[in-house]
>>> print(open('data-v5.txt').read())   # compact mmCIF, C-alpha atoms and all ligand atoms
# COMPACT_ATOMS: atom_id res chain seq x y z
CA MET A 1 -4.72 15.55 -8.34
CA LYS A 2 -2.06 17.18 -6.16
CA ILE A 3 -2.90 16.92 -2.53
CA SER A 4 -0.61 18.12 0.28
CA GLY A 5 2.68 16.60 -0.81
CA TYR A 6 1.33 13.79 -3.00
CA LEU A 7 0.30 13.25 -6.58
CA ILE A 8 -2.71 10.95 -6.77
CA ASP A 9 -3.91 10.13 -10.28
CA LEU A 10 -7.69 9.75 -10.11
CA GLU A 11 -8.36 10.47 -13.79
CA LYS A 12 -8.31 6.91 -15.16
CA THR A 13 -10.35 5.64 -12.24
CA ILE A 14 -12.99 8.35 -12.72
CA GLU A 15 -13.24 7.27 -16.38
CA THR A 16 -13.67 3.63 -15.32
CA ILE A 17 -16.41 4.56 -12.84
CA ARG A 18 -18.31 6.49 -15.52
CA LYS A 19 -17.89 3.73 -18.11
CA LYS A 20 -19.00 0.94 -15.77
CA LYS A 21 -21.79 3.12 -14.36
CA TYR A 22 -20.92 2.27 -10.76
CA LYS A 23 -23.22 3.88 -8.21
CA THR A 24 -21.61 3.01 -4.86
CA ILE A 25 -17.89 3.09 -4.24
CA ALA A 26 -15.75 2.42 -1.18
CA LEU A 27 -12.60 4.44 -0.53
CA HIS A 28 -9.76 3.12 1.62
CA LEU A 29 -6.63 5.02 2.64
CA PRO A 30 -3.73 4.13 4.97
CA GLU A 31 -3.34 6.03 8.25
CA GLY A 32 -0.69 8.40 6.87
CA LEU A 33 -3.05 9.65 4.17
CA LYS A 34 -6.38 9.59 6.03
CA SER A 35 -6.33 13.35 6.66
CA ARG A 36 -6.66 13.79 2.85
CA THR A 37 -9.76 11.56 2.63
CA LEU A 38 -12.49 14.20 2.52
CA LYS A 39 -10.87 16.16 -0.29
CA ILE A 40 -10.74 12.98 -2.37
CA VAL A 41 -14.38 12.17 -1.53
CA ASP A 42 -15.41 15.69 -2.64
CA THR A 43 -13.60 15.23 -5.97
CA LEU A 44 -15.07 11.77 -6.61
CA GLU A 45 -18.59 12.91 -5.71
CA LYS A 46 -18.33 15.91 -8.01
CA GLU A 47 -16.88 13.96 -10.94
CA THR A 48 -18.98 10.78 -10.74
CA ASN A 49 -22.17 11.49 -8.78
CA CYS A 50 -21.55 8.24 -6.92
CA ILE A 51 -22.22 7.41 -3.30
CA ILE A 52 -18.77 7.28 -1.70
CA ILE A 53 -18.32 5.21 1.46
CA VAL A 54 -15.12 5.80 3.42
CA LEU A 55 -13.62 2.66 4.98
CA ALA A 56 -12.23 3.75 8.33
CA ASP A 57 -10.59 0.46 9.33
CA PRO A 58 -6.79 0.45 9.15
CA CYS A 59 -5.21 -0.27 5.77
CA PHE A 60 -1.67 -1.55 6.28
CA GLY A 61 -0.73 -2.60 2.79
CA ALA A 62 -1.60 -3.96 -0.62
CA CYS A 63 -2.32 -7.28 1.08
CA ASP A 64 -5.53 -5.78 2.43
CA ILE A 65 -7.82 -6.77 -0.43
CA ALA A 66 -11.45 -5.63 -0.28
CA ASN A 67 -13.77 -7.93 1.55
CA TYR A 68 -16.81 -9.64 0.06
CA GLU A 69 -18.95 -8.30 2.93
CA LEU A 70 -18.78 -4.82 1.43
CA LYS A 71 -21.39 -6.05 -1.03
CA ASN A 72 -23.84 -6.06 1.89
CA ILE A 73 -23.66 -2.27 1.98
CA GLY A 74 -24.01 -2.00 -1.78
CA VAL A 75 -20.36 -1.42 -2.68
CA GLU A 76 -19.66 -2.22 -6.36
CA PHE A 77 -16.12 -0.88 -6.67
CA VAL A 78 -13.26 -0.24 -4.24
CA ILE A 79 -10.55 2.41 -4.53
CA LYS A 80 -7.41 1.81 -2.46
CA ILE A 81 -5.14 4.82 -2.33
CA GLY A 82 -1.52 4.84 -1.18
CA HIS A 83 -0.43 1.35 -2.16
CA THR A 84 0.47 -0.42 -5.37
CA SER A 85 -1.27 -3.69 -6.07
CA ILE A 86 0.17 -7.15 -5.51
CA PRO A 87 0.28 -8.19 -9.19
CA ASN A 88 -0.44 -11.89 -8.79
CA LEU A 89 -3.33 -11.32 -6.40
CA GLY A 90 -6.61 -10.61 -8.13
CA ASN A 91 -9.86 -9.79 -6.43
CA ASP A 92 -12.67 -12.07 -7.51
CA PHE A 93 -15.02 -10.51 -4.98
CA ILE A 94 -15.28 -6.82 -5.80
CA PRO A 95 -13.48 -4.91 -8.58
CA THR A 96 -10.69 -2.98 -6.89
CA VAL A 97 -8.21 -0.40 -8.09
CA PHE A 98 -4.98 0.57 -6.34
CA ILE A 99 -3.87 4.16 -6.87
CA ASN A 100 -0.37 5.00 -5.76
CA ALA A 101 0.26 8.26 -3.88
CA LEU A 102 3.51 9.59 -5.31
CA SER A 103 5.46 11.85 -2.99
CA SER A 104 6.33 15.22 -4.47
CA LYS A 105 9.30 15.55 -2.11
CA ASN A 106 12.56 16.35 -3.89
CA ILE A 107 15.04 13.56 -3.20
CA SER A 108 18.16 14.97 -4.95
CA HIS A 109 19.55 16.71 -1.87
CA ILE A 110 19.30 13.66 0.41
CA VAL A 111 20.76 11.34 -2.25
CA LYS A 112 23.79 13.65 -2.63
CA LYS A 113 24.12 13.77 1.15
CA SER A 114 24.10 9.94 1.28
CA LEU A 115 27.07 9.52 -1.08
CA VAL A 116 29.79 9.74 1.59
CA HIS A 117 28.03 7.03 3.60
CA LEU A 118 27.78 4.45 0.80
CA GLU A 119 30.03 1.39 1.00
CA GLY A 120 31.81 0.29 -2.18
CA THR A 121 30.87 1.40 -5.67
CA ARG A 122 28.15 -1.08 -6.65
CA ILE A 123 24.96 0.25 -5.08
CA GLY A 124 21.62 -1.54 -4.97
CA VAL A 125 18.87 1.08 -5.10
CA VAL A 126 15.51 0.32 -3.50
CA THR A 127 12.55 2.34 -2.33
CA THR A 128 8.87 2.23 -1.47
CA ALA A 129 5.86 2.88 -3.69
CA GLN A 130 5.77 6.58 -2.66
CA HIS A 131 9.18 7.34 -4.15
CA ILE A 132 9.35 4.74 -6.92
CA HIS A 133 9.16 7.45 -9.63
CA THR A 134 12.46 8.92 -8.36
CA ILE A 135 14.59 5.85 -9.07
CA LYS A 136 15.93 7.26 -12.36
CA ILE A 137 16.98 10.48 -10.58
CA VAL A 138 18.86 8.43 -7.96
CA GLU A 139 20.52 6.41 -10.71
CA SER A 140 21.68 9.53 -12.54
CA ILE A 141 23.11 11.18 -9.37
CA LEU A 142 25.02 8.00 -8.53
CA LYS A 143 26.35 7.66 -12.09
CA LYS A 144 27.73 11.22 -12.08
CA GLN A 145 29.72 10.32 -8.96
CA ASN A 146 31.06 7.08 -10.52
CA PHE A 147 28.84 4.70 -8.60
CA GLU A 148 27.15 1.83 -10.41
CA SER A 149 23.43 1.55 -9.62
CA ILE A 150 21.95 -1.92 -9.65
CA ILE A 151 18.16 -2.06 -9.66
CA SER A 152 16.15 -5.24 -9.93
CA ASP A 153 12.60 -6.46 -10.40
CA GLY A 154 11.15 -8.25 -7.43
CA ASP A 155 9.07 -11.42 -7.54
CA LYS A 156 5.39 -11.55 -8.53
CA ARG A 157 4.34 -9.87 -5.29
CA VAL A 158 6.17 -6.68 -6.24
CA TYR A 159 4.63 -4.14 -8.62
CA LYS A 160 7.64 -2.06 -9.69
CA LYS A 161 11.34 -2.53 -10.28
CA GLY A 162 13.35 -1.45 -7.23
CA GLN A 163 10.30 -1.51 -4.95
CA ILE A 164 10.38 -3.25 -1.59
CA LEU A 165 7.48 -4.16 0.71
CA GLY A 166 7.67 -4.74 4.45
CA CYS A 167 7.09 -8.44 3.74
CA ASN A 168 9.05 -8.84 0.52
CA PHE A 169 12.62 -7.78 -0.22
CA SER A 170 13.03 -9.85 -3.37
CA SER A 171 14.15 -6.84 -5.44
CA GLY A 172 17.03 -6.49 -2.97
CA LEU A 173 17.72 -10.18 -2.46
CA LYS A 174 18.04 -10.84 -6.21
CA ILE A 175 21.04 -8.49 -6.40
CA ALA A 176 22.46 -8.85 -2.88
CA ASP A 177 25.50 -10.82 -4.07
CA ARG A 178 26.25 -8.21 -6.78
CA VAL A 179 26.18 -5.05 -4.64
CA ASP A 180 28.50 -3.63 -2.00
CA SER A 181 25.70 -1.81 -0.18
CA PHE A 182 22.09 -0.71 -0.55
CA LEU A 183 20.73 2.81 -0.75
CA PHE A 184 17.14 3.01 0.46
CA ILE A 185 15.09 6.12 -0.29
CA GLY A 186 12.18 6.69 2.08
CA SER A 187 11.18 7.40 5.65
CA GLY A 188 11.00 5.32 8.83
CA ASN A 189 12.84 2.18 9.92
CA PHE A 190 10.25 -0.37 8.82
CA HIS A 191 11.55 -0.97 5.27
CA PRO A 192 15.33 -0.43 5.66
CA LEU A 193 15.39 -2.62 8.78
CA GLY A 194 13.70 -5.46 6.88
CA LEU A 195 16.14 -4.96 4.01
CA LEU A 196 19.09 -5.18 6.39
CA LEU A 197 17.73 -8.27 8.15
CA SER A 198 16.92 -10.08 4.92
CA THR A 199 19.92 -9.20 2.72
CA LYS A 200 22.53 -8.92 5.52
CA LYS A 201 24.25 -6.23 3.41
CA PRO A 202 25.06 -2.67 4.58
CA VAL A 203 22.00 -0.44 4.21
CA ILE A 204 22.12 3.34 4.01
CA ALA A 205 18.67 4.87 4.45
CA ALA A 206 18.14 8.35 3.00
CA ASP A 207 15.02 10.04 4.35
CA PRO A 208 13.94 13.02 2.21
CA TYR A 209 11.39 14.16 4.83
CA SER A 210 13.68 14.44 7.85
CA ASN A 211 16.74 15.09 5.64
CA THR A 212 18.65 12.43 7.61
CA ILE A 213 20.84 9.46 6.74
CA LYS A 214 20.65 6.31 8.86
CA LYS A 215 23.24 3.58 8.92
CA GLN A 216 24.54 2.78 12.43
CA GLU A 217 21.05 3.34 13.91
CA LEU A 218 19.75 0.55 11.67
CA ILE A 219 22.55 -1.80 12.71
CA ASP A 220 21.77 -1.12 16.40
CA LEU A 221 18.08 -1.72 15.77
CA LYS A 222 18.84 -4.95 13.90
CA ASP A 223 20.94 -6.19 16.85
CA THR A 224 18.10 -5.38 19.27
CA ILE A 225 15.59 -7.22 17.08
CA LEU A 226 17.85 -10.26 16.75
CA ARG A 227 18.30 -10.37 20.54
CA GLN A 228 14.50 -10.30 20.91
CA ARG A 229 14.11 -13.05 18.33
CA TYR A 230 16.69 -15.20 20.09
CA GLY A 231 14.75 -14.67 23.33
CA ALA A 232 11.41 -15.53 21.68
CA ILE A 233 12.88 -18.75 20.26
CA ALA A 234 14.41 -19.70 23.64
CA ASN A 235 11.07 -19.02 25.37
CA SER A 236 9.27 -21.30 22.91
CA LYS A 237 11.58 -24.29 23.30
CA ASN A 238 9.42 -26.07 25.89
CA ALA A 239 6.08 -25.13 24.32
CA LYS A 240 3.58 -27.97 24.05
CA ASN A 241 0.55 -26.15 22.64
CA PHE A 242 0.95 -23.91 19.61
CA GLY A 243 -1.44 -21.41 18.05
CA ILE A 244 -0.98 -21.16 14.28
CA LEU A 245 -2.11 -17.64 13.39
CA ILE A 246 -3.79 -17.15 10.02
CA GLY A 247 -4.39 -13.74 8.47
CA ILE A 248 -7.83 -13.31 6.96
CA LYS A 249 -6.62 -10.53 4.66
CA ARG A 250 -6.19 -12.21 1.28
CA GLY A 251 -2.69 -10.93 0.65
CA GLN A 252 -1.46 -12.26 3.97
CA GLN A 253 -2.62 -15.83 3.56
CA ARG A 254 -0.17 -18.71 3.29
CA LEU A 255 -2.48 -21.68 3.48
CA GLU A 256 0.00 -24.33 2.34
CA LEU A 257 2.32 -23.16 5.09
CA ILE A 258 -0.28 -23.52 7.86
CA TYR A 259 -0.91 -27.15 6.92
CA LYS A 260 2.83 -27.83 6.75
CA ILE A 261 3.35 -26.32 10.21
CA LYS A 262 0.53 -28.37 11.71
CA ASP A 263 1.95 -31.58 10.22
CA MET A 264 5.44 -30.73 11.44
CA LEU A 265 4.19 -30.09 15.00
CA LYS A 266 2.04 -33.23 14.95
CA SER A 267 5.01 -35.37 13.94
CA LEU A 268 6.78 -34.16 17.08
CA ASN A 269 3.72 -34.83 19.29
CA LYS A 270 2.98 -31.14 19.73
CA LYS A 271 -0.60 -29.95 19.78
CA SER A 272 -1.59 -27.01 17.59
CA TYR A 273 -4.69 -24.95 16.86
CA TYR A 274 -5.52 -22.70 13.90
CA ILE A 275 -6.55 -19.20 14.94
CA ALA A 276 -7.64 -16.65 12.31
CA MET A 277 -7.83 -12.88 12.60
CA ASP A 278 -8.28 -9.90 10.33
CA ASN A 279 -6.48 -7.19 12.29
CA PHE A 280 -4.05 -8.70 14.79
CA SER A 281 -3.84 -7.60 18.42
CA SER A 282 -2.52 -9.17 21.62
CA ILE A 283 -5.87 -8.61 23.39
CA LYS A 284 -7.62 -10.96 20.94
CA LEU A 285 -5.25 -13.77 21.96
CA GLN A 286 -5.38 -13.30 25.73
CA SER A 287 -8.20 -15.81 26.24
CA TYR A 288 -6.17 -18.71 24.84
CA ARG A 289 -4.20 -19.22 28.04
CA ASN A 290 -3.16 -22.79 27.30
CA ILE A 291 -1.33 -21.82 24.15
CA ASP A 292 2.39 -21.59 24.94
CA CYS A 293 3.58 -20.10 21.67
CA PHE A 294 1.97 -18.42 18.65
CA VAL A 295 3.35 -18.93 15.14
CA SER A 296 2.31 -16.14 12.80
CA THR A 297 1.85 -17.13 9.16
CA SER A 298 0.24 -13.78 8.45
CA CYS A 299 2.09 -10.48 7.89
CA PRO A 300 5.72 -11.32 8.85
CA ARG A 301 6.06 -7.98 10.62
CA ILE A 302 3.54 -8.87 13.35
CA ALA A 303 5.98 -11.17 15.14
CA ILE A 304 8.95 -8.87 14.58
CA ASP A 305 7.64 -5.33 15.08
CA ASP A 306 4.77 -5.94 17.54
CA TYR A 307 6.54 -8.61 19.61
CA LEU A 308 6.60 -6.61 22.85
CA GLN A 309 2.80 -6.23 22.82
CA TYR A 310 2.26 -9.99 23.17
CA LYS A 311 2.36 -11.80 26.52
CA LYS A 312 3.23 -15.20 24.98
CA PRO A 313 6.06 -15.64 22.49
CA ILE A 314 5.00 -14.96 18.93
CA ILE A 315 7.39 -16.32 16.31
CA THR A 316 7.68 -16.68 12.53
CA PRO A 317 7.55 -20.04 10.68
CA ILE A 318 11.34 -19.88 10.14
CA GLU A 319 11.86 -19.31 13.86
CA LEU A 320 9.63 -22.30 14.58
CA GLU A 321 12.08 -24.44 12.60
CA ILE A 322 14.83 -23.28 14.99
CA VAL A 323 12.60 -24.02 18.00
CA LEU A 324 12.06 -27.55 16.67
CA ASN A 325 15.78 -28.06 15.91
CA LYS A 326 15.15 -28.24 12.17
CA ARG A 327 17.28 -25.16 11.49
CA LYS A 328 20.28 -23.63 13.24
CA TRP A 329 20.25 -20.11 14.72
CA GLU A 330 23.25 -19.34 12.44
CA ASP A 331 20.92 -19.95 9.46
CA TYR A 332 18.31 -17.47 10.74
CA GLN A 333 16.36 -15.77 7.98
CA PHE A 334 13.90 -12.94 7.97
CA ASP A 335 10.42 -14.27 7.22
CA GLN A 336 8.92 -13.00 3.95
CA ILE A 337 5.87 -13.67 1.83
CA ASN A 338 7.25 -14.55 -1.57
CA ASN A 339 5.26 -15.14 -4.73
CA ASP A 340 7.63 -16.63 -7.30
S1 LIG B 401 1.80 -8.44 4.58
FE1 LIG B 401 2.45 -6.85 6.06
S2 LIG B 401 4.26 -5.91 5.19
FE2 LIG B 401 3.22 -7.05 3.54
S3 LIG B 401 1.95 -5.56 2.50
FE3 LIG B 401 0.71 -6.54 4.09
S4 LIG B 401 0.87 -5.22 5.91
FE4 LIG B 401 2.55 -4.67 4.50
>>> encode(input="data-v5.txt", output="structure tokens")
Amino acid sequence: MKISGYLIDLEKTIETIRKKKYKTIALHLPEGLKSRTLKIVDTLEKETNCIIIVLADPCFGACDIANYELKNIGVEFVIKIGHTSIPNLGNDFIPTVFINALSSKNISHIVKKSLVHLEGTRIGVVTTAQHIHTIKIVESILKKQNFESIISDGDKRVYKKGQILGCNFSSGLKIADRVDSFLFIGSGNFHPLGLLLSTKKPVIAADPYSNTIKKQELIDLKDTILRQRYGAIANSKNAKNFGILIGIKRGQQRLELIYKIKDMLKSLNKKSYYIAMDNFSSIKLQSYRNIDCFVSTSCPRIAIDDYLQYKKPIITPIELEIVLNKRKWEDYQFDQINND
């Protein structure tokens, strides 16, 4: 179905619901698409006769796999709209389908506008799930202007070739040494900033919604973030008590890493505590006054993008290595969740 600027393919899912004879379904959309929820509910009700329960909690990404507790309210099937799945992450709890919301925005104009800003001739092309269907168009525009497009698969966490996630830039990293610069198609700073921090290559972000190109703005933002990270690391140097933050969302869990961190801290006579949360917020951590530093093993963006909300330093596992003198600042890397 076409719904204010997006193409959302419900057909196959409606067929599945009919075939499996599901009676109660949960529907989950990210904030940016929530205003379209009721129209989708109306369509699903009409086509399937099912009870549709809207999940109003935030949905930040494909990592947010449906929770077993939904069974308590009779949910048999979950529809997640607006994200692609994380291929190597099944859901043993409740059958779940991810339906991408493809943007119907024309990207040709902004890609042509980006050409004068590109560095070199070998261009890595990356985008988000919303624009992934436009990659061939980008490739053809670049080819006509004698640029070579290089597009790569990501690791097992990434659904489509050329796609990046806020926590995984493997489709960019795999080609970083073969490209002169990256062209990112999409809106906001979240993805291109992560791409810049992780690949350390020039990134040109072409936003088809605002019709703007960002390059220097991203470099400035990167410098600000790196200054903040340096400060967070410096502020954690004398920490004695650490909180190791664990994400309850299945796609954010790195259990081997939490044990490794605890062992590493223990070997240096540092005390640490495991603290788990579903949705992270600084308020939830305020009571743990004796913790000097939090290490987030959950979504890597919590420490980076939400840093200013936290009263105590919140750092990534890689930054902890710098705090503990196991890695040099010069070898700083952007934390990612990789599934090789
Ligand atoms: S872990 Fe973070 S960046 Fe990755 S999909 Fe989840 S919310 Fe997005």
>>> closest_residue(input="data-v5.txt", among="A:His191, A:Lys270, A:Arg36, A:Lys328", to="ligand LIG 401 (chain B)", atoms="all atoms listed in the file")
A:His191
>>> residues_around(input="data-v5.txt", residues="A:Val41", least_positions_apart="6", cutoff="12 Å", atoms="all atoms listed in the file", output="short mmCIF file (atom, residue, chain, number, x, y, z; two decimals) with C-alpha atoms, in the coordinates of the input")
data_model
loop_
_atom_site.label_atom_id
_atom_site.label_comp_id
_atom_site.auth_asym_id
_atom_site.auth_seq_id
_atom_site.Cartn_x
_atom_site.Cartn_y
_atom_site.Cartn_z
CA LEU A 10 -7.69 9.75 -10.11
CA ILE A 14 -12.99 8.35 -12.72
CA ILE A 25 -17.89 3.09 -4.24
CA ALA A 26 -15.75 2.42 -1.18
CA LEU A 27 -12.60 4.44 -0.53
CA HIS A 28 -9.76 3.12 1.62
CA LEU A 29 -6.63 5.02 2.64
CA LYS A 34 -6.38 9.59 6.03
CA SER A 35 -6.33 13.35 6.66
CA GLU A 47 -16.88 13.96 -10.94
CA THR A 48 -18.98 10.78 -10.74
CA ASN A 49 -22.17 11.49 -8.78
CA CYS A 50 -21.55 8.24 -6.92
CA ILE A 51 -22.22 7.41 -3.30
CA ILE A 52 -18.77 7.28 -1.70
CA ILE A 53 -18.32 5.21 1.46
CA VAL A 54 -15.12 5.80 3.42
CA LEU A 55 -13.62 2.66 4.98
CA ILE A 79 -10.55 2.41 -4.53
CA ILE A 81 -5.14 4.82 -2.33
#
>>> closest_residue(input="data-v5.txt", among="A:Thr224, A:Thr134, A:Ser281, A:Gln163", to="A:Leu193", atoms="only C-alpha atoms")
A:Thr224
>>> closest_residue(input="data-v5.txt", among="A:Gln286, A:Ser272, A:Gln252, A:Gln145", to="ligand LIG 401 (chain B)", atoms="all atoms listed in the file")
A:Gln252
>>> residues_near_ligand(input="data-v5.txt", ligand="ligand LIG 401 (chain B)", cutoff="7 Å", atoms="only C-alpha atoms and all ligand atoms", output="PyMOL selection string")
chain A and resi 60-64+165-168+251-252+298-301
>>> residues_around(input="data-v5.txt", residues="A:Ile99", least_positions_apart="5", cutoff="9 Å", atoms="all atoms listed in the file", output="PyMOL selection string")
chain A and resi 8-10+13+79-85
>>> write_last_selection(input="data-v5.txt", atoms="C-alpha atoms", output="PDB file, keeping the file's coordinate frame")
ATOM      1  CA  ILE A   8      -2.710  10.950  -6.770  1.00  0.00           C
ATOM      2  CA  ASP A   9      -3.910  10.130 -10.280  1.00  0.00           C
ATOM      3  CA  LEU A  10      -7.690   9.750 -10.110  1.00  0.00           C
ATOM      4  CA  THR A  13     -10.350   5.640 -12.240  1.00  0.00           C
ATOM      5  CA  ILE A  79     -10.550   2.410  -4.530  1.00  0.00           C
ATOM      6  CA  LYS A  80      -7.410   1.810  -2.460  1.00  0.00           C
ATOM      7  CA  ILE A  81      -5.140   4.820  -2.330  1.00  0.00           C
ATOM      8  CA  GLY A  82      -1.520   4.840  -1.180  1.00  0.00           C
ATOM      9  CA  HIS A  83      -0.430   1.350  -2.160  1.00  0.00           C
ATOM     10  CA  THR A  84       0.470  -0.420  -5.370  1.00  0.00           C
ATOM     11  CA  SER A  85      -1.270  -3.690  -6.070  1.00  0.00           C
TER      12      SER A  85
END
>>> closest_residue(input="data-v5.txt", among="A:Ile94, A:Leu268, A:Val295, A:Ile135", to="A:Ile318", atoms="all atoms listed in the file")
A:Val295
>>> closest_residue(input="data-v5.txt", among="A:Asp306, A:Asp42, A:Glu76, A:Asp155", to="A:Gln336", atoms="all atoms listed in the file")
A:Asp155
>>> atom_distance(input="data-v5.txt", atom1="atom CA of A:Asn72", atom2="atom CA of A:Pro30")
22.8 Å
>>> residues_around(input="data-v5.txt", residues="stretch 241-244 of chain A", least_positions_apart="2", cutoff="7 Å", atoms="only C-alpha atoms", output="ChimeraX atom specification")
/A:239,246,258,270-275,290-296
>>> closest_residue(input="data-v5.txt", among="A:Ser104, A:Asn325, A:Thr96, A:Thr316", to="A:Arg229", atoms="all atoms listed in the file")
A:Thr316
>>> closest_atom_pairs(input="data-v5.txt", of="stretch 100-184 of chain A", to="stretch 207-223 of chain A", cutoff="9 Å", atoms="only C-alpha atoms", output="Markdown table")
| residue | atom | partner | partner_atom | distance |
| --- | --- | --- | --- | --- |
| A:Lys105 | CA | A:Pro208 | CA | 6.8 |
| A:Asn106 | CA | A:Pro208 | CA | 7.1 |
| A:Ile107 | CA | A:Pro208 | CA | 5.5 |
| A:Ser108 | CA | A:Pro208 | CA | 8.5 |
| A:His109 | CA | A:Pro208 | CA | 7.9 |
| A:Ile110 | CA | A:Pro208 | CA | 5.7 |
| A:Val111 | CA | A:Pro208 | CA | 8.3 |
| A:Lys113 | CA | A:Ile213 | CA | 7.8 |
| A:Ser114 | CA | A:Ile213 | CA | 6.4 |
| A:His117 | CA | A:Lys215 | CA | 7.9 |
| A:Phe184 | CA | A:Asp207 | CA | 8.3 |
>>> atom_distance(input="data-v5.txt", atom1="atom CA of A:Asn146", atom2="atom CA of A:Gly188")
27.9 Å
>>> atom_distance(input="data-v5.txt", atom1="atom CA of A:Val203", atom2="atom CA of A:Ser181")
5.9 Å
>>> axis_aligned_box(input="data-v5.txt", around="stretch 324-329 of chain A", padding_each_side="8 Å", output="lines of an AutoDock Vina configuration file")
center_x = 16.2
center_y = -24.2
center_z = 14.1
size_x = 24.2
size_y = 24.1
size_z = 21.2
>>> residues_around(input="data-v5.txt", residues="A:Gly231", least_positions_apart="5", cutoff="9 Å", atoms="only C-alpha atoms", output="tab-separated table (two decimals) with C-alpha atoms, in the coordinates of the input")
chain	number	residue	atom	x	y	z
A	226	LEU	CA	17.85	-10.26	16.75
A	236	SER	CA	9.27	-21.30	22.91
A	313	PRO	CA	6.06	-15.64	22.49
